[in-house]
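Right, one structure below, let's go through it.
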Amino acid sequence: MELKADVGDGIDTWKEVTLIYNAALKQMETKMAILNEEFQHVHRYNPIEHIKARMKSPESIVKKLKRNGYESTIDNMVKHVNDIAGIRIICSFTSDIFTIAQMISEQQDIKVVAVKDYITYPKASGYKSYHMIVTVPVYLSNRTVDTKVEVQIRTVAMDFWASLEHKIHYKFEGDAPDHIKNGLIACARMVSDLDARMLSLNEEIIAISQAGEAEKENK
Ligand code: 0O2
């Protein structure tokens, strides 16, 4: 891998990139853990099932820069690659996705740079996920660097589907046979149906428990 050093938003070397984006990921993970605990305290349930955080590999960064016609420089990485740091938040129900997105956008030090709502508008392939590009401040000894993090929020079922689709996409280099593409579209419909049914069941359970609690209070 060849990375030319030039000045990119005060981030000058690959070592600095690693340090700063790793710090941004840690910040986001901590923020999410705190929000989840607070949500548990107030609403008595966790909207977040689990979180995966990853740094994009240098090879994938260079590939992405090349694909988009940019030279492999630190400056170009910082400016044009939005997912050097990525966090994936997996939740149980579709409604949790929007709750989590709202909680993130209400954090005072987080700036939402872009949103792609593939939940309301799924891709033709069947892909569903809520994507946000945010910046989070990383406080160094002598400066603060607002650092981009890609946040993907999806349900367990959507994540299961996306993992298999991703594997198939790579296996066939983006050109899977039609019967496989159609199979995936059919599975995506089942995933949407499953998510809708699970949400409706959960809402029913909540309503029953709330009615039970109200009855107890009235006795
Ligand atoms: P990889 O190899 O997974 O990292 P941007 O990142 O904003 O410059 P893009 O593609 O316009 O580029 O953004 P988008 O649509 O928000 O997609 C960002 C990431 O979401 C992708 O990163 C994938 O990880 C994931 N993604 C998007 N579409 C699909 C899809 O149809 N199927 C699956 N399985 N994942 C998807 P990369 O860098 O494209 O790929």
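Residue numbering restarts at 1 in every chain; chains get A, B, ... in the order shown in the structure tokens, and ligands count up from 1 in that same order.
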
Practice item. Give the residues close to ligand 1, within 6 Å, counting only C-alpha atoms and all ligand atoms; write them as a list in words. Key: Val81, Asn82, Asp83, Lys116, Tyr127, His131, Ala162, Ser163, Glu165 and His166 of chain A

Next, dump the selected residues to file, keeping only all heavy atoms, as an mmCIF file, in the first residue's frame.
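Saved result, selection.cif, follows:
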data_model
loop_
_atom_site.group_PDB
_atom_site.id
_atom_site.type_symbol
_atom_site.label_atom_id
_atom_site.label_comp_id
_atom_site.auth_asym_id
_atom_site.auth_seq_id
_atom_site.Cartn_x
_atom_site.Cartn_y
_atom_site.Cartn_z
ATOM 1 N N VAL A 81 -13.104 9.603 2.374
ATOM 2 C CA VAL A 81 -13.549 8.281 2.842
ATOM 3 C C VAL A 81 -14.296 8.473 4.165
ATOM 4 O O VAL A 81 -13.699 8.815 5.189
ATOM 5 C CB VAL A 81 -12.367 7.284 2.988
ATOM 6 C CG1 VAL A 81 -12.878 5.907 3.395
ATOM 7 C CG2 VAL A 81 -11.577 7.193 1.679
ATOM 8 N N ASN A 82 -15.604 8.282 4.089
ATOM 9 C CA ASN A 82 -16.443 8.581 5.264
ATOM 10 C C ASN A 82 -16.488 7.453 6.279
ATOM 11 O O ASN A 82 -16.965 7.639 7.389
ATOM 12 C CB ASN A 82 -17.878 8.869 4.807
ATOM 13 C CG ASN A 82 -17.974 10.162 4.043
ATOM 14 O OD1 ASN A 82 -17.211 11.097 4.288
ATOM 15 N ND2 ASN A 82 -18.901 10.221 3.093
ATOM 16 N N ASP A 83 -16.034 6.261 5.859
ATOM 17 C CA ASP A 83 -16.206 5.116 6.759
ATOM 18 C C ASP A 83 -14.874 4.507 7.193
ATOM 19 O O ASP A 83 -14.757 3.303 7.334
ATOM 20 C CB ASP A 83 -17.098 4.047 6.100
ATOM 21 C CG ASP A 83 -16.497 3.471 4.833
ATOM 22 O OD1 ASP A 83 -15.598 4.108 4.259
ATOM 23 O OD2 ASP A 83 -16.910 2.371 4.425
ATOM 24 N N LYS A 116 -28.573 8.301 5.277
ATOM 25 C CA LYS A 116 -29.181 7.521 4.183
ATOM 26 C C LYS A 116 -30.158 6.550 4.831
ATOM 27 O O LYS A 116 -29.736 5.668 5.587
ATOM 28 C CB LYS A 116 -28.120 6.769 3.391
ATOM 29 C CG LYS A 116 -27.374 7.666 2.427
ATOM 30 C CD LYS A 116 -26.465 6.881 1.521
ATOM 31 C CE LYS A 116 -25.535 7.825 0.778
ATOM 32 N NZ LYS A 116 -24.443 7.101 0.132
ATOM 33 N N TYR A 127 -31.708 -4.528 0.456
ATOM 34 C CA TYR A 127 -30.888 -4.048 1.573
ATOM 35 C C TYR A 127 -31.624 -3.013 2.409
ATOM 36 O O TYR A 127 -32.167 -2.054 1.877
ATOM 37 C CB TYR A 127 -29.591 -3.437 1.038
ATOM 38 C CG TYR A 127 -28.657 -2.904 2.096
ATOM 39 C CD1 TYR A 127 -27.951 -3.771 2.923
ATOM 40 C CD2 TYR A 127 -28.464 -1.526 2.259
ATOM 41 C CE1 TYR A 127 -27.083 -3.274 3.891
ATOM 42 C CE2 TYR A 127 -27.587 -1.031 3.213
ATOM 43 C CZ TYR A 127 -26.905 -1.912 4.023
ATOM 44 O OH TYR A 127 -26.038 -1.420 4.983
ATOM 45 N N HIS A 131 -28.219 4.624 7.739
ATOM 46 C CA HIS A 131 -26.819 5.055 7.764
ATOM 47 C C HIS A 131 -26.702 6.526 8.136
ATOM 48 O O HIS A 131 -27.432 7.355 7.609
ATOM 49 C CB HIS A 131 -26.168 4.872 6.387
ATOM 50 C CG HIS A 131 -26.062 3.449 5.954
ATOM 51 N ND1 HIS A 131 -25.486 3.061 4.777
ATOM 52 C CD2 HIS A 131 -26.455 2.301 6.552
ATOM 53 C CE1 HIS A 131 -25.528 1.738 4.672
ATOM 54 N NE2 HIS A 131 -26.130 1.262 5.733
ATOM 55 N N ALA A 162 -27.956 -8.844 5.527
ATOM 56 C CA ALA A 162 -26.883 -8.034 4.926
ATOM 57 C C ALA A 162 -25.552 -8.782 4.929
ATOM 58 O O ALA A 162 -24.760 -8.666 3.988
ATOM 59 C CB ALA A 162 -26.747 -6.709 5.658
ATOM 60 N N SER A 163 -25.305 -9.596 5.985
ATOM 61 C CA SER A 163 -24.042 -10.333 6.058
ATOM 62 C C SER A 163 -23.964 -11.354 4.920
ATOM 63 O O SER A 163 -22.919 -11.484 4.267
ATOM 64 C CB SER A 163 -23.906 -11.100 7.374
ATOM 65 O OG SER A 163 -24.029 -10.230 8.423
ATOM 66 N N GLU A 165 -25.694 -11.285 2.088
ATOM 67 C CA GLU A 165 -25.681 -10.577 0.806
ATOM 68 C C GLU A 165 -24.286 -10.048 0.503
ATOM 69 O O GLU A 165 -23.815 -10.089 -0.626
ATOM 70 C CB GLU A 165 -26.716 -9.444 0.851
ATOM 71 C CG GLU A 165 -27.053 -8.853 -0.496
ATOM 72 C CD GLU A 165 -26.259 -7.617 -0.820
ATOM 73 O OE1 GLU A 165 -25.442 -7.161 0.013
ATOM 74 O OE2 GLU A 165 -26.429 -7.102 -1.921
ATOM 75 N N HIS A 166 -23.603 -9.546 1.543
ATOM 76 C CA HIS A 166 -22.249 -9.012 1.403
ATOM 77 C C HIS A 166 -21.304 -10.117 0.935
ATOM 78 O O HIS A 166 -20.501 -9.940 0.020
ATOM 79 C CB HIS A 166 -21.795 -8.457 2.766
ATOM 80 C CG HIS A 166 -20.579 -7.586 2.695
ATOM 81 N ND1 HIS A 166 -19.349 -8.031 3.067
ATOM 82 C CD2 HIS A 166 -20.407 -6.314 2.292
ATOM 83 C CE1 HIS A 166 -18.465 -7.059 2.894
ATOM 84 N NE2 HIS A 166 -19.082 -6.004 2.428
#

Counting only C-alpha atoms, which residues of segment 94-204 of chain A fall within 8 Å of segment 15-34 of chain A, and what is the closest atom pair for each with its distance in Å at one decimal, ordered by chain and rising number, as CSV?
residue,atom,partner,partner_atom,distance
A:Val136,CA,A:Ala24,CA,6.3
A:Pro137,CA,A:Ala24,CA,7.3
A:Val138,CA,A:Ala24,CA,6.0
A:Val145,CA,A:Ile20,CA,7.8
A:Thr147,CA,A:Ala24,CA,6.4
A:Lys148,CA,A:Ala24,CA,7.8
A:Val149,CA,A:Ala24,CA,7.1

Check your understanding: Taking into account only C-alpha atoms, which residue in the set A:Ser92, A:Thr144, A:Thr99, A:Gln152 is nearest to Tyr118 of chain A?
Key ->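 Residue with the minimum atom-to-atom distance to Tyr118 of chain A: A:Gln152.
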
Exercise for review: Quote the spacing between atom CA of Arg88 of chain A and atom CA of Asp178 of chain A in Å to one decimal place.
Suggested key: 29.0 Å

**Study point:** Atom pair atom CA of Asn182 of chain A / atom CA of Ala124 of chain A: separation (Å)
**Key:** 10.8 Å

Exercise for review: Can you work out which one of A:Phe160, A:Asp12, A:Ile119, A:Glu150 has the shortest atom-to-atom distance to Met55 of chain A, counting only C-alpha atoms?
Suggested key: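 Among the listed residues, A:Glu150 lies closest to Met55 of chain A.
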
Point to revise | Of the listed residues A:Glu106, A:Arg189, A:Ala214, A:Met77, that which approaches Lys63 of chain A most closely, counting only C-alpha atoms | key: A:Met77

Exercise for review: Between A:Trp14, A:Ile205, A:Arg54, A:Pro177, single out the one closest to Asp75 of chain A, counting only C-alpha atoms.
Suggested key: A:Trp14

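Taking only C-alpha atoms into account, Ala186 of chain A lies nearest to A:Gly126 out of the set A:Gly126, A:Cys91, A:Gln210, A:Glu204.
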
Check your understanding: Among segment 1-188 of chain A, which residues carry a DSSP assignment of alpha helix (DSSP H), reported as a VMD selection string?
Key -> chain A and resid 14 to 43 58 to 67 74 to 80 94 to 105 156 to 171 178 to 188

Save the residues we just selected, C-alpha atoms, as a compact mmCIF listing (two decimals), in the first residue's frame?
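Result went into result34.txt, see below:
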# COMPACT_ATOMS: atom_id res chain seq x y z
CA TRP A 14 -1.15 6.94 8.95
CA LYS A 15 -0.24 6.57 12.66
CA GLU A 16 -2.26 9.70 13.44
CA VAL A 17 -5.17 8.42 11.35
CA THR A 18 -5.20 5.19 13.37
CA LEU A 19 -4.95 7.04 16.68
CA ILE A 20 -7.65 9.61 15.94
CA TYR A 21 -10.20 7.32 14.25
CA ASN A 22 -9.74 4.67 16.95
CA ALA A 23 -10.39 7.34 19.58
CA ALA A 24 -13.52 8.44 17.69
CA LEU A 25 -14.76 4.83 17.67
CA LYS A 26 -14.15 4.50 21.41
CA GLN A 27 -16.07 7.75 22.02
CA MET A 28 -19.02 6.50 19.98
CA GLU A 29 -19.03 3.07 21.68
CA THR A 30 -19.02 4.71 25.11
CA LYS A 31 -21.79 7.13 24.13
CA MET A 32 -23.92 4.25 22.86
CA ALA A 33 -23.33 2.18 26.02
CA ILE A 34 -24.36 5.14 28.21
CA LEU A 35 -27.49 5.83 26.13
CA ASN A 36 -28.43 2.16 26.28
CA GLU A 37 -28.02 2.04 30.08
CA GLU A 38 -30.02 5.24 30.50
CA PHE A 39 -32.77 3.86 28.25
CA GLN A 40 -32.85 0.68 30.36
CA HIS A 41 -33.15 2.82 33.51
CA VAL A 42 -35.99 5.00 32.15
CA HIS A 43 -37.93 2.60 29.91
CA PRO A 58 -5.65 0.48 4.68
CA GLU A 59 -6.12 -1.76 1.60
CA SER A 60 -9.89 -1.10 1.51
CA ILE A 61 -9.31 2.64 1.98
CA VAL A 62 -6.89 2.76 -0.94
CA LYS A 63 -9.29 0.67 -3.07
CA LYS A 64 -12.16 3.07 -2.30
CA LEU A 65 -10.02 6.11 -3.12
CA LYS A 66 -8.96 4.54 -6.42
CA ARG A 67 -12.56 3.57 -7.26
CA ILE A 74 -3.85 11.11 3.86
CA ASP A 75 -5.63 14.32 2.87
CA ASN A 76 -7.89 12.46 0.42
CA MET A 77 -8.60 9.71 2.95
CA VAL A 78 -9.73 12.18 5.58
CA LYS A 79 -11.77 14.23 3.11
CA HIS A 80 -13.31 11.55 0.90
CA THR A 94 -37.44 -1.50 13.54
CA SER A 95 -38.80 1.23 15.84
CA ASP A 96 -35.55 1.05 17.87
CA ILE A 97 -33.61 2.14 14.78
CA PHE A 98 -35.28 5.55 14.70
CA THR A 99 -35.09 5.89 18.50
CA ILE A 100 -31.33 5.28 18.39
CA ALA A 101 -30.82 7.62 15.40
CA GLN A 102 -32.74 10.35 17.25
CA MET A 103 -30.69 9.83 20.43
CA ILE A 104 -27.46 10.11 18.43
CA SER A 105 -28.52 13.28 16.62
CA VAL A 156 -30.79 -8.45 13.99
CA ALA A 157 -32.77 -9.85 11.03
CA MET A 158 -31.60 -7.10 8.64
CA ASP A 159 -28.02 -7.69 9.80
CA PHE A 160 -28.30 -11.43 9.15
CA TRP A 161 -29.54 -10.71 5.61
CA ALA A 162 -26.88 -8.03 4.93
CA SER A 163 -24.04 -10.33 6.06
CA LEU A 164 -25.06 -13.06 3.62
CA GLU A 165 -25.68 -10.58 0.81
CA HIS A 166 -22.25 -9.01 1.40
CA LYS A 167 -20.62 -12.47 1.22
CA ILE A 168 -22.47 -13.27 -2.01
CA HIS A 169 -21.60 -9.85 -3.48
CA TYR A 170 -17.89 -10.51 -2.92
CA LYS A 171 -18.05 -14.14 -4.04
CA ASP A 178 -30.31 -14.19 -11.22
CA HIS A 179 -31.70 -17.07 -9.15
CA ILE A 180 -29.44 -16.06 -6.24
CA LYS A 181 -30.39 -12.37 -6.57
CA ASN A 182 -34.08 -13.35 -6.64
CA GLY A 183 -33.58 -15.65 -3.66
CA LEU A 184 -32.08 -12.75 -1.73
CA ILE A 185 -34.97 -10.45 -2.67
CA ALA A 186 -37.42 -13.12 -1.44
CA CYS A 187 -35.46 -13.44 1.84
CA ALA A 188 -35.48 -9.64 2.23

Exercise for review: Can you work out the spacing between atom CA of Val112 of chain A and atom CA of Arg44 of chain A in Å, to one decimal?
Suggested key: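 About the pair atom CA of Val112 of chain A and atom CA of Arg44 of chain A: they are 27.8 Å apart.
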
Exercise for review: With a distance cut-off of 10 Å and only C-alpha atoms, select the neighbouring residues of Phe93 of chain A, excluding the residue or stretch itself and same-chain residues fewer than 5 positions from it, and output the selection as a ChimeraX atom specification.
Suggested key: /A:47-49,98,154-157,195-200,202

Serialized selection, C-alpha atoms, as a PDB file, in the first residue's frame:
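Written out: out-v6.pdb:
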ATOM      1  CA  PRO A  47     -32.891  -0.757  22.438  1.00  0.00           C
ATOM      2  CA  ILE A  48     -29.366  -1.914  21.529  1.00  0.00           C
ATOM      3  CA  GLU A  49     -28.741  -5.659  21.207  1.00  0.00           C
ATOM      4  CA  PHE A  98     -35.277   5.546  14.704  1.00  0.00           C
ATOM      5  CA  ARG A 154     -30.305  -2.153  11.676  1.00  0.00           C
ATOM      6  CA  THR A 155     -32.252  -5.006  13.262  1.00  0.00           C
ATOM      7  CA  VAL A 156     -30.793  -8.448  13.989  1.00  0.00           C
ATOM      8  CA  ALA A 157     -32.770  -9.846  11.028  1.00  0.00           C
ATOM      9  CA  ASP A 195     -39.488  -7.587  11.709  1.00  0.00           C
ATOM     10  CA  ALA A 196     -43.060  -6.287  11.362  1.00  0.00           C
ATOM     11  CA  ARG A 197     -44.550  -9.309  13.160  1.00  0.00           C
ATOM     12  CA  MET A 198     -41.986  -9.239  15.978  1.00  0.00           C
ATOM     13  CA  LEU A 199     -42.613  -5.498  16.475  1.00  0.00           C
ATOM     14  CA  SER A 200     -46.365  -6.026  16.607  1.00  0.00           C
ATOM     15  CA  ASN A 202     -43.727  -6.825  21.274  1.00  0.00           C
TER      16      ASN A 202
END
